[in-house]
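Dropping data15.cif in here (mmCIF, C-alpha atoms (C1' of nucleotides)):
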```
data_start
loop_
_atom_site.group_PDB
_atom_site.id
_atom_site.type_symbol
_atom_site.label_atom_id
_atom_site.label_comp_id
_atom_site.auth_asym_id
_atom_site.auth_seq_id
_atom_site.Cartn_x
_atom_site.Cartn_y
_atom_site.Cartn_z
ATOM 1 C CA MET A 1 99.439 15.066 -105.795
ATOM 2 C CA PRO A 2 101.291 17.454 -107.926
ATOM 3 C CA GLU A 3 99.377 20.579 -108.724
ATOM 4 C CA LEU A 4 100.575 23.556 -110.717
ATOM 5 C CA PRO A 5 103.424 24.618 -108.391
ATOM 6 C CA GLU A 6 104.828 21.087 -108.211
ATOM 7 C CA ALA A 7 104.567 20.628 -111.995
ATOM 8 C CA GLU A 8 106.229 24.022 -112.493
ATOM 9 C CA THR A 9 109.075 23.064 -110.157
ATOM 10 C CA ILE A 10 109.604 19.844 -112.103
ATOM 11 C CA VAL A 11 109.521 21.697 -115.417
ATOM 12 C CA ARG A 12 112.200 24.117 -114.277
ATOM 13 C CA GLY A 13 114.370 21.212 -113.189
ATOM 14 C CA LEU A 14 113.882 19.302 -116.431
ATOM 15 C CA ARG A 15 114.661 22.345 -118.525
ATOM 16 C CA ARG A 16 118.165 22.269 -117.083
ATOM 17 C CA SER A 17 118.652 18.565 -117.516
ATOM 18 C CA VAL A 18 116.877 17.041 -120.519
ATOM 19 C CA VAL A 19 116.791 19.671 -123.257
ATOM 20 C CA GLY A 20 118.955 18.618 -126.201
ATOM 21 C CA ARG A 21 119.011 14.936 -125.306
ATOM 22 C CA ARG A 22 117.790 12.356 -127.807
ATOM 23 C CA ILE A 23 115.577 9.421 -126.841
ATOM 24 C CA ARG A 24 117.180 6.206 -128.056
ATOM 25 C CA ARG A 25 114.848 3.694 -126.508
ATOM 26 C CA VAL A 26 111.661 3.545 -124.460
ATOM 27 C CA GLU A 27 110.940 0.897 -121.838
ATOM 28 C CA VAL A 28 107.450 0.544 -120.415
ATOM 29 C CA MET A 29 107.043 -1.427 -117.205
ATOM 30 C CA HIS A 30 103.340 -0.664 -116.753
ATOM 31 C CA PRO A 31 101.436 -0.003 -119.992
ATOM 32 C CA ASP A 32 98.335 0.969 -118.012
ATOM 33 C CA VAL A 33 99.628 4.556 -117.770
ATOM 34 C CA LEU A 34 99.649 4.890 -121.555
ATOM 35 C CA ARG A 35 96.694 6.308 -123.393
ATOM 36 C CA ALA A 36 97.764 4.679 -126.659
ATOM 37 C CA PRO A 37 98.870 1.158 -127.576
ATOM 38 C CA LEU A 38 102.368 0.386 -126.355
ATOM 39 C CA ARG A 39 103.931 0.025 -129.801
ATOM 40 C CA ALA A 40 102.479 3.258 -131.087
ATOM 41 C CA PHE A 41 103.693 5.064 -127.985
ATOM 42 C CA ALA A 42 107.220 3.700 -128.234
ATOM 43 C CA ARG A 43 107.394 4.533 -131.932
ATOM 44 C CA ALA A 44 106.198 8.086 -131.326
ATOM 45 C CA ALA A 45 108.780 8.772 -128.609
ATOM 46 C CA ARG A 46 111.792 6.981 -130.031
ATOM 47 C CA SER A 47 114.550 8.725 -132.011
ATOM 48 C CA ARG A 48 113.332 12.174 -131.065
ATOM 49 C CA THR A 49 115.195 14.965 -129.353
ATOM 50 C CA VAL A 50 113.813 16.967 -126.433
ATOM 51 C CA GLU A 51 113.758 20.531 -127.699
ATOM 52 C CA ASP A 52 111.972 22.292 -124.878
ATOM 53 C CA VAL A 53 110.064 21.672 -121.669
ATOM 54 C CA GLY A 54 106.825 23.362 -120.685
ATOM 55 C CA ARG A 55 103.735 23.095 -118.536
ATOM 56 C CA ARG A 56 100.004 23.376 -119.017
ATOM 57 C CA GLY A 57 97.941 23.152 -115.856
ATOM 58 C CA LYS A 58 99.302 20.164 -113.973
ATOM 59 C CA ASN A 59 100.760 18.582 -117.116
ATOM 60 C CA VAL A 60 104.490 18.468 -117.796
ATOM 61 C CA LEU A 61 105.231 18.795 -121.521
ATOM 62 C CA LEU A 62 108.364 17.719 -123.353
ATOM 63 C CA PHE A 63 108.410 19.189 -126.835
ATOM 64 C CA LEU A 64 110.077 16.717 -129.154
ATOM 65 C CA SER A 65 111.652 17.112 -132.568
ATOM 66 C CA GLU A 66 109.469 16.188 -135.549
ATOM 67 C CA ASP A 67 106.294 17.677 -134.153
ATOM 68 C CA GLY A 68 105.897 15.661 -130.971
ATOM 69 C CA VAL A 69 104.563 16.593 -127.555
ATOM 70 C CA LEU A 70 105.254 14.178 -124.708
ATOM 71 C CA ALA A 71 102.585 14.982 -122.135
ATOM 72 C CA VAL A 72 102.884 13.661 -118.591
ATOM 73 C CA ASN A 73 100.108 13.957 -116.055
ATOM 74 C CA LEU A 74 101.645 13.055 -112.709
ATOM 75 C CA GLY A 75 98.431 11.905 -111.082
ATOM 76 C CA MET A 76 98.788 11.528 -107.327
ATOM 77 C CA THR A 77 102.241 9.994 -106.953
ATOM 78 C CA GLY A 78 104.035 10.525 -110.272
ATOM 79 C CA ARG A 79 107.664 11.679 -110.412
ATOM 80 C CA LEU A 80 110.016 12.542 -113.241
ATOM 81 C CA LEU A 81 113.620 11.734 -112.417
ATOM 82 C CA PRO A 82 116.439 12.502 -114.859
ATOM 83 C CA PHE A 83 119.758 10.675 -114.573
ATOM 84 C CA THR A 84 123.060 11.285 -116.285
ATOM 85 C CA GLY A 85 123.901 7.573 -116.188
ATOM 86 C CA VAL A 86 122.271 4.398 -114.946
ATOM 87 C CA PRO A 87 120.795 4.945 -111.468
ATOM 88 C CA ARG A 88 122.381 2.822 -108.731
ATOM 89 C CA GLY A 89 121.734 1.965 -105.142
ATOM 90 C CA ASN A 90 119.281 4.140 -103.304
ATOM 91 C CA GLU A 91 118.890 6.589 -106.209
ATOM 92 C CA ARG A 92 117.174 3.826 -108.187
ATOM 93 C CA PRO A 93 113.448 4.567 -108.529
ATOM 94 C CA THR A 94 111.295 2.208 -106.499
ATOM 95 C CA HIS A 95 108.243 2.277 -108.780
ATOM 96 C CA PRO A 96 109.495 2.802 -112.348
ATOM 97 C CA VAL A 97 106.711 2.901 -114.905
ATOM 98 C CA VAL A 98 108.327 4.267 -118.081
ATOM 99 C CA ARG A 99 112.035 4.736 -118.823
ATOM 100 C CA PHE A 100 113.244 7.008 -121.613
ATOM 101 C CA LEU A 101 116.838 6.043 -122.402
ATOM 102 C CA PHE A 102 118.914 8.768 -123.985
ATOM 103 C CA ASP A 103 121.727 8.472 -126.532
ATOM 104 C CA ASP A 104 124.198 9.751 -123.945
ATOM 105 C CA GLY A 105 123.686 6.782 -121.612
ATOM 106 C CA GLY A 106 121.439 8.638 -119.180
ATOM 107 C CA MET A 107 117.700 8.365 -118.812
ATOM 108 C CA LEU A 108 114.504 10.021 -117.686
ATOM 109 C CA VAL A 109 112.405 7.789 -115.448
ATOM 110 C CA PHE A 110 108.707 8.280 -114.850
ATOM 111 C CA GLU A 111 107.855 6.549 -111.609
ATOM 112 C CA ASP A 112 104.426 6.376 -110.101
ATOM 113 C CA GLN A 113 103.502 4.294 -107.095
ATOM 114 C CA ARG A 114 99.749 4.390 -107.639
ATOM 115 C CA ARG A 115 99.830 4.711 -111.430
ATOM 116 C CA PHE A 116 97.082 7.295 -111.647
ATOM 117 C CA GLY A 117 99.424 9.245 -113.890
ATOM 118 C CA THR A 118 99.345 9.178 -117.688
ATOM 119 C CA VAL A 119 102.041 9.443 -120.353
ATOM 120 C CA GLU A 120 101.387 10.034 -124.039
ATOM 121 C CA VAL A 121 102.916 11.441 -127.182
ATOM 122 C CA LEU A 122 100.741 13.646 -129.382
ATOM 123 C CA ASP A 123 101.457 15.773 -132.413
ATOM 124 C CA THR A 124 101.096 19.534 -132.129
ATOM 125 C CA ALA A 125 97.562 19.501 -133.461
ATOM 126 C CA GLY A 126 96.533 16.734 -131.080
ATOM 127 C CA TRP A 127 97.992 18.620 -128.166
ATOM 128 C CA ALA A 128 96.313 21.850 -129.254
ATOM 129 C CA ALA A 129 92.947 20.120 -129.175
ATOM 130 C CA ARG A 130 93.616 18.937 -125.641
ATOM 131 C CA ASP A 131 94.890 22.325 -124.609
ATOM 132 C CA ALA A 132 91.720 23.962 -125.895
ATOM 133 C CA ARG A 133 89.614 21.925 -123.496
ATOM 134 C CA MET A 134 91.469 23.306 -120.487
ATOM 135 C CA GLY A 135 90.647 26.528 -118.694
ATOM 136 C CA PRO A 136 93.000 29.513 -118.435
ATOM 137 C CA GLU A 137 96.373 29.410 -116.715
ATOM 138 C CA PRO A 138 95.858 31.095 -113.352
ATOM 139 C CA LEU A 139 99.248 32.794 -113.514
ATOM 140 C CA GLY A 140 98.840 33.879 -117.129
ATOM 141 C CA PRO A 141 97.981 37.400 -118.317
ATOM 142 C CA ALA A 142 94.555 36.346 -119.600
ATOM 143 C CA PHE A 143 93.404 35.344 -116.133
ATOM 144 C CA THR A 144 92.107 38.586 -114.684
ATOM 145 C CA ALA A 145 89.733 39.208 -111.814
ATOM 146 C CA ASP A 146 87.012 40.098 -114.330
ATOM 147 C CA VAL A 147 87.553 36.878 -116.251
ATOM 148 C CA LEU A 148 87.249 34.887 -113.024
ATOM 149 C CA ALA A 149 84.153 36.790 -111.880
ATOM 150 C CA ARG A 150 82.406 36.204 -115.197
ATOM 151 C CA ALA A 151 83.319 32.507 -115.287
ATOM 152 C CA LEU A 152 82.102 31.945 -111.740
ATOM 153 C CA GLY A 153 78.861 33.696 -112.557
ATOM 154 C CA GLY A 154 77.536 30.891 -114.699
ATOM 155 C CA SER A 155 77.974 28.089 -112.223
ATOM 156 C CA ARG A 156 75.866 26.783 -109.366
ATOM 157 C CA SER A 157 78.540 24.385 -108.162
ATOM 158 C CA PRO A 158 80.344 24.848 -104.840
ATOM 159 C CA VAL A 159 83.363 27.054 -105.413
ATOM 160 C CA ARG A 160 85.814 24.413 -104.154
ATOM 161 C CA SER A 161 84.518 21.978 -106.801
ATOM 162 C CA TRP A 162 84.649 24.714 -109.407
ATOM 163 C CA LEU A 163 88.311 25.365 -108.704
ATOM 164 C CA LEU A 164 89.192 21.688 -109.126
ATOM 165 C CA ASP A 165 87.594 21.476 -112.576
ATOM 166 C CA GLN A 166 90.457 21.705 -115.085
ATOM 167 C CA ARG A 167 88.029 22.834 -117.803
ATOM 168 C CA ARG A 168 87.274 25.958 -115.793
ATOM 169 C CA ILE A 169 90.768 26.793 -114.607
ATOM 170 C CA ALA A 170 93.909 24.753 -115.155
ATOM 171 C CA GLY A 171 96.354 23.574 -112.532
ATOM 172 C CA ILE A 172 94.558 23.943 -109.220
ATOM 173 C CA GLY A 173 94.135 20.865 -107.032
ATOM 174 C CA ASN A 174 92.737 20.283 -103.591
ATOM 175 C CA ILE A 175 95.592 21.807 -101.579
ATOM 176 C CA TYR A 176 95.731 25.143 -103.355
ATOM 177 C CA ALA A 177 91.962 25.391 -103.861
ATOM 178 C CA VAL A 178 91.494 25.078 -100.106
ATOM 179 C CA GLU A 179 94.370 27.448 -99.313
ATOM 180 C CA ALA A 180 93.174 30.107 -101.768
ATOM 181 C CA LEU A 181 89.645 29.999 -100.356
ATOM 182 C CA HIS A 182 90.981 30.488 -96.847
ATOM 183 C CA ARG A 183 93.106 33.444 -97.881
ATOM 184 C CA ALA A 184 90.086 34.953 -99.642
ATOM 185 C CA GLY A 185 87.762 34.319 -96.679
ATOM 186 C CA ILE A 186 85.334 32.261 -98.756
ATOM 187 C CA HIS A 187 83.679 29.075 -97.512
ATOM 188 C CA PRO A 188 84.355 26.057 -99.795
ATOM 189 C CA LEU A 189 80.637 25.289 -100.074
ATOM 190 C CA ARG A 190 79.616 28.741 -101.315
ATOM 191 C CA ARG A 191 77.963 28.540 -104.725
ATOM 192 C CA SER A 192 80.230 29.964 -107.390
ATOM 193 C CA ARG A 193 77.691 32.297 -108.884
ATOM 194 C CA GLU A 194 76.765 33.732 -105.516
ATOM 195 C CA LEU A 195 80.188 35.268 -104.933
ATOM 196 C CA ASP A 196 80.055 39.046 -105.217
ATOM 197 C CA ALA A 197 82.544 41.152 -107.183
ATOM 198 C CA GLY A 198 84.719 41.817 -104.167
ATOM 199 C CA GLU A 199 84.894 38.125 -103.287
ATOM 200 C CA ALA A 200 85.813 37.204 -106.855
ATOM 201 C CA ARG A 201 88.574 39.805 -106.785
ATOM 202 C CA ARG A 202 89.889 38.491 -103.480
ATOM 203 C CA LEU A 203 89.781 34.928 -104.763
ATOM 204 C CA HIS A 204 91.656 35.924 -107.898
ATOM 205 C CA GLY A 205 94.390 37.546 -105.851
ATOM 206 C CA ALA A 206 94.516 34.629 -103.411
ATOM 207 C CA ILE A 207 94.866 32.041 -106.173
ATOM 208 C CA ARG A 208 97.742 33.896 -107.754
ATOM 209 C CA SER A 209 99.561 34.660 -104.552
ATOM 210 C CA VAL A 210 99.301 31.153 -103.118
ATOM 211 C CA LEU A 211 100.470 29.547 -106.365
ATOM 212 C CA ARG A 212 103.379 31.964 -106.666
ATOM 213 C CA ALA A 213 104.404 31.445 -103.062
ATOM 214 C CA ALA A 214 104.269 27.672 -103.473
ATOM 215 C CA ILE A 215 106.429 27.851 -106.599
ATOM 216 C CA ARG A 216 108.966 29.973 -104.716
ATOM 217 C CA HIS A 217 109.180 27.219 -102.112
ATOM 218 C CA GLY A 218 109.449 24.378 -104.595
ATOM 219 C CA GLY A 219 105.901 23.084 -104.083
ATOM 220 C CA THR A 220 104.339 21.090 -101.253
ATOM 221 C CA THR A 221 105.440 17.638 -100.141
ATOM 222 C CA ILE A 222 102.808 15.902 -98.034
ATOM 223 C CA ARG A 223 104.222 12.469 -98.573
ATOM 224 C CA ASP A 224 105.123 11.505 -102.110
ATOM 225 C CA TYR A 225 105.955 14.588 -104.103
ATOM 226 C CA ARG A 226 109.598 14.940 -105.138
ATOM 227 C CA ASN A 227 111.316 17.327 -107.524
ATOM 228 C CA VAL A 228 113.687 16.143 -110.260
ATOM 229 C CA ASP A 229 116.535 15.886 -107.747
ATOM 230 C CA GLY A 230 114.469 13.696 -105.437
ATOM 231 C CA GLY A 231 114.082 16.598 -102.998
ATOM 232 C CA GLU A 232 110.957 17.706 -101.189
ATOM 233 C CA GLY A 233 108.933 20.883 -101.637
ATOM 234 C CA GLU A 234 109.116 23.271 -98.703
ATOM 235 C CA TYR A 235 105.668 24.853 -98.799
ATOM 236 C CA ARG A 236 103.973 22.409 -96.449
ATOM 237 C CA SER A 237 104.868 24.322 -93.287
ATOM 238 C CA LEU A 238 103.305 27.429 -94.826
ATOM 239 C CA LEU A 239 99.921 25.812 -95.483
ATOM 240 C CA ARG A 240 97.334 27.638 -93.380
ATOM 241 C CA VAL A 241 94.468 25.142 -93.283
ATOM 242 C CA TYR A 242 95.109 22.156 -95.567
ATOM 243 C CA GLY A 243 95.603 19.045 -93.445
ATOM 244 C CA ARG A 244 95.264 21.067 -90.234
ATOM 245 C CA GLU A 245 91.892 20.029 -88.854
ATOM 246 C CA GLY A 246 91.663 21.070 -85.204
ATOM 247 C CA GLU A 247 94.712 23.350 -85.314
ATOM 248 C CA PRO A 248 94.189 27.074 -84.773
ATOM 249 C CA CYS A 249 93.491 29.225 -87.807
ATOM 250 C CA PRO A 250 96.662 31.312 -88.252
ATOM 251 C CA ARG A 251 94.537 34.406 -88.741
ATOM 252 C CA CYS A 252 92.042 34.199 -85.857
ATOM 253 C CA GLY A 253 92.845 31.126 -83.765
ATOM 254 C CA THR A 254 89.553 29.314 -84.320
ATOM 255 C CA PRO A 255 90.109 25.559 -84.789
ATOM 256 C CA VAL A 256 90.248 24.580 -88.450
ATOM 257 C CA ALA A 257 87.282 22.468 -89.579
ATOM 258 C CA ARG A 258 86.995 19.820 -92.264
ATOM 259 C CA ALA A 259 84.095 19.093 -94.576
ATOM 260 C CA VAL A 260 83.852 16.338 -97.163
ATOM 261 C CA LEU A 261 82.723 17.509 -100.554
ATOM 262 C CA SER A 262 82.653 15.244 -103.612
ATOM 263 C CA ASN A 263 84.487 12.702 -101.493
ATOM 264 C CA ARG A 264 87.428 15.022 -100.875
ATOM 265 C CA SER A 265 88.389 16.911 -97.752
ATOM 266 C CA ALA A 266 87.899 20.663 -97.665
ATOM 267 C CA TYR A 267 89.578 22.438 -94.742
ATOM 268 C CA PHE A 268 88.424 25.852 -93.657
ATOM 269 C CA CYS A 269 88.167 28.263 -90.775
ATOM 270 C CA PRO A 270 84.546 28.485 -89.583
ATOM 271 C CA ALA A 271 85.101 32.071 -88.440
ATOM 272 C CA CYS A 272 87.077 33.550 -91.354
ATOM 273 C CA GLN A 273 85.056 31.654 -93.962
ATOM 274 C CA PRO A 274 81.374 32.017 -93.028
ATOM 275 C CA ALA A 275 79.116 29.191 -94.155
ATOM 276 C CA PRO A 276 76.520 29.939 -96.819
ATOM 277 C CA GLU A 277 72.948 30.487 -95.617
ATOM 278 C CA ARG A 278 71.698 27.350 -97.294
ATOM 279 C CA ILE A 279 73.923 24.320 -97.875
ATOM 280 C "C1'" DA B 1 74.141 21.209 -115.021
ATOM 281 C "C1'" DG B 2 75.882 19.238 -111.129
ATOM 282 C "C1'" DT B 3 76.512 15.669 -107.616
ATOM 283 C "C1'" DG B 4 77.421 11.340 -105.458
ATOM 284 C "C1'" DT B 5 79.562 7.086 -106.362
ATOM 285 C "C1'" DA B 6 82.697 4.023 -108.210
ATOM 286 C "C1'" DT B 7 86.931 3.084 -110.587
ATOM 287 C "C1'" DC B 8 91.871 2.845 -111.614
ATOM 288 C "C1'" DC B 9 96.271 1.499 -107.832
ATOM 289 C "C1'" DT B 10 99.442 1.241 -103.715
ATOM 290 C "C1'" DG B 11 100.771 2.193 -99.153
ATOM 291 C "C1'" DC B 12 100.370 4.131 -94.678
ATOM 292 C "C1'" DA B 13 98.290 5.204 -90.122
ATOM 293 C "C1'" DG B 14 95.306 4.030 -86.570
ATOM 294 C "C1'" DG B 15 92.132 0.998 -83.969
ATOM 295 C "C1'" DC B 16 91.462 -3.434 -82.060
ATOM 296 C "C1'" DT C 1 101.944 -9.361 -85.106
ATOM 297 C "C1'" DG C 2 97.913 -9.305 -88.008
ATOM 298 C "C1'" DC C 3 93.601 -7.627 -89.796
ATOM 299 C "C1'" DC C 4 90.532 -4.149 -90.758
ATOM 300 C "C1'" DT C 5 89.099 0.529 -92.194
ATOM 301 C "C1'" DG C 6 89.872 4.976 -93.880
ATOM 302 C "C1'" DC C 7 92.542 8.119 -96.213
ATOM 303 C "C1'" DA C 8 95.642 10.279 -99.898
ATOM 304 C "C1'" DG C 9 98.050 15.911 -103.958
ATOM 305 C "C1'" DG C 10 93.941 13.164 -109.870
ATOM 306 C "C1'" DA C 11 90.756 12.225 -113.511
ATOM 307 C "C1'" DT C 12 86.906 10.006 -115.563
ATOM 308 C "C1'" DA C 13 82.522 7.422 -116.362
ATOM 309 C "C1'" DC C 14 78.107 6.492 -114.711
ATOM 310 C "C1'" DA C 15 73.359 7.011 -112.888
ATOM 311 C "C1'" DC C 16 70.306 10.230 -111.040
#
```
Would you mind writing the structure in this file as structure tokens?
Amino acid sequence: MPELPEAETIVRGLRRSVVGRRIRRVEVMHPDVLRAPLRAFARAARSRTVEDVGRRGKNVLLFLSEDGVLAVNLGMTGRLLPFTGVPRGNERPTHPVVRFLFDDGGMLVFEDQRRFGTVEVLDTAGWAARDARMGPEPLGPAFTADVLARALGGSRSPVRSWLLDQRRIAGIGNIYAVEALHRAGIHPLRRSRELDAGEARRLHGAIRSVLRAAIRHGGTTIRDYRNVDGGEGEYRSLLRVYGREGEPCPRCGTPVARAVLSNRSAYFCPACQPAPERI
DNA sequence: AGTGTATCCTGCAGGC
DNA sequence: TGCCTGCAGGATACAC
């Protein structure tokens, strides 16, 4: 679920609410989301203070005192919900997975219905190694049209698959890959290296503008995504093709089509995004 | 190198 | 009402 704009929205919310709070105790309801043994995880998180909150790709990062990085990948249905006290009634998370209890009596709850998410604590060096395996931040200064064009040039894979590969570019998931390709007028099945310079430039611009617009609207809620206040993202109504098979393309009116690629739906306009010669 | 497939897990919508 | 299938915003391992 959450892609870069949703993770960014969560990060901005957490920055207001958890910085400066100290973790007193960690409770793990479902150890399967951990990438380390339970005891090691609890030891690494306990008695540390949240000093800052950041994001890398789709990962939410809590920088902890004493050289710790708490990295949360939200998977499909993960949420991070901060509370000033003990949650009651209908504010109580329905699928709590990990609870971080703070000194002040409040807590941060990671809940995740499907438990595809992961939670781990690394040291700075461990995080740096992970970071190095990820592609550039699409909204960062290093991600230029030339950088994108060159990176695409080496790959034979369909451009939609390329965009989902976090080692190539960090933070893009199926919704925004599909939306960016529509804005750029590029068919999802086009081979990456066959895009010309103009197409790469359009794709670069489309990626940045769609991600920025989604952040401005607090991300996209299809079903499960919630921000730190439990609220929904408002970008869904602005999606042009994602989840809109059969509806008219907002640019030309042609019915939106759907193709399955690597077992995942790719939506596109057959008129605005011409199919490659050979599929 | 890249792709299809399966896997982790839960819940919902739709067809019958 | 129940049962079945397919589908879902992610990531990874495997065989080919």
Using all atoms listed in the file, determine which residues of chain B fall within 7 Å of chain A; present them as a ChimeraX atom specification. /B:2,4,8-10
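Every residue within 12 Å of the file position (106.3, 6.9, -131.9), judged by only C-alpha atoms (C1' of nucleotides), is given as A:Ile23, A:Arg24, A:Arg25, A:Val26, A:Ala36, A:Pro37, A:Leu38, A:Arg39, A:Ala40, A:Phe41, A:Ala42, A:Arg43, A:Ala44, A:Ala45, A:Arg46, A:Ser47, A:Arg48, A:Leu64, A:Ser65, A:Glu66, A:Asp67, A:Gly68, A:Val69, A:Leu70, A:Glu120, A:Val121, A:Leu122, A:Asp123.
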Which residues would end up in the selection if the PyMOL selection byres ((chain C) within 12 of (chain A)) were applied here, given that I need the answer as a list of chain:residue names? C:DC7, C:DA8, C:DG9, C:DG10, C:DA11, C:DT12
Answer key for the PyMOL selection byres ((chain C and resi 3) around 12), residues as a list of chain:residue names: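 Residues picked by the PyMOL selection byres ((chain C and resi 3) around 12): B:DG15, B:DC16, C:DT1, C:DG2, C:DC4, C:DT5.
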Return as a PyMOL selection string the set of residues that the PyMOL selection byres ((chain A and resi 30) around 9) yields on the displayed structure. chain A and resi 28-29+31-34+96-98+115
Rounded to one decimal, what separation in Å do you get between CA of Thr9 (chain A) and CA of Leu152 (chain A)? 28.4 Å
